[in-house]
Amino acid sequence: MQLSRVVDRLDEELRTADYADLDASANGLQVGPDEADIEHVAFAVDGVRETFENAIAADADLLVVHHGLSWGGIDRVTGQTYDRLAPLLEGDLALYVSHLPLDGHQELGNAAGVADVLELEDRTPFGELGPEYIGQRGTAADPYSPDELREHLEAALDTGGRPVPVLDFGPDEIEDVAIVTGSGTDWLDEAVEAGADALVTGEGKGKVYHEAKEAGIHVFLAGHYATETFGVRSLQEIVEEWGLETTYLDVPTGL
């Protein structure tokens, strides 16, 4: 399949253009020729030297990642930027990136994947960002205790054996759960206003401790990497349906 065809199909599925004014990431094709023949697509969370080299070793033609190289532009291709770009160019590997579009997709996205793990029902978009959303909210069929929800996340997510920290300030039974993966504690106020019992995200900021305590809500910090493997894995399944060979590259950070 031609590279332009793969890119167009991914852009359409992810509504990439709708996030152009909302995301610091340059979503879509970040590195690649005008045209190329794509037979093998690799997938990873992070676009870094290690995943580039692993994709090349797997003989992939295209790497699809959640976190790319360009966040508001690249002024100079020197130093670490040069070192990261070099394997892509030397290995003739194209790079496709989907950051917020992949967070916000209500079926394929990262938050949707966490909601699947927690078996949430009656799901609605959550995590408002301009006219779009980057998370999801739902109701547990059977309420969780804080320990049960923590244990469920630890068993289902790739935390690298790291326990999931919990700011345990909410009710004894957790039924209404809001999810924004990665660094999502900025949406704590929205979770409180929506009446959520808990916010599940990846990592926190220092101020969230007292904000959660004063608001009476649980916050689960399940890991930035661990909460954001779902989107690229969902895209891998779609690309396989297109008849292309795929590989998933798991490079956990433990963070």
# chains A, B, ... in the order shown; residues from 1 in each chain; ligands from 1

$ residues_around --residues "region 175-189 of chain A" --least-positions-apart "3" --cutoff "6 Å" --atoms "only C-alpha atoms" --output "count of residues only"
20

$ closest_residue --among "A:Pro165, A:Gly160, A:Pro131, A:Pro171" --to "Tyr144 (chain A)" --atoms "only C-alpha atoms"
A:Pro171

$ select_by_dssp --residues "region 5-254 of chain A" --states "alpha helix (DSSP H)" --output "ChimeraX atom specification"
/A:5-14,49-57,79-90,100-104,110-117,146-156,188-194,208-215,230-241

$ residues_around --residues "Val7 (chain A)" --least-positions-apart "2" --cutoff "12 Å" --atoms "only C-alpha atoms" --output "ChimeraX atom specification"
/A:1-5,9-16,27-38,41,62-64,94-98,239

$ closest_residue --among "A:Phe220, A:Tyr133, A:Phe126, A:Tyr209" --to "Pro146 (chain A)" --atoms "only C-alpha atoms"
A:Phe220

$ closest_residue --among "A:Glu50, A:Asp142, A:Leu108, A:Ala44" --to "Glu121 (chain A)" --atoms "only C-alpha atoms"
A:Asp142
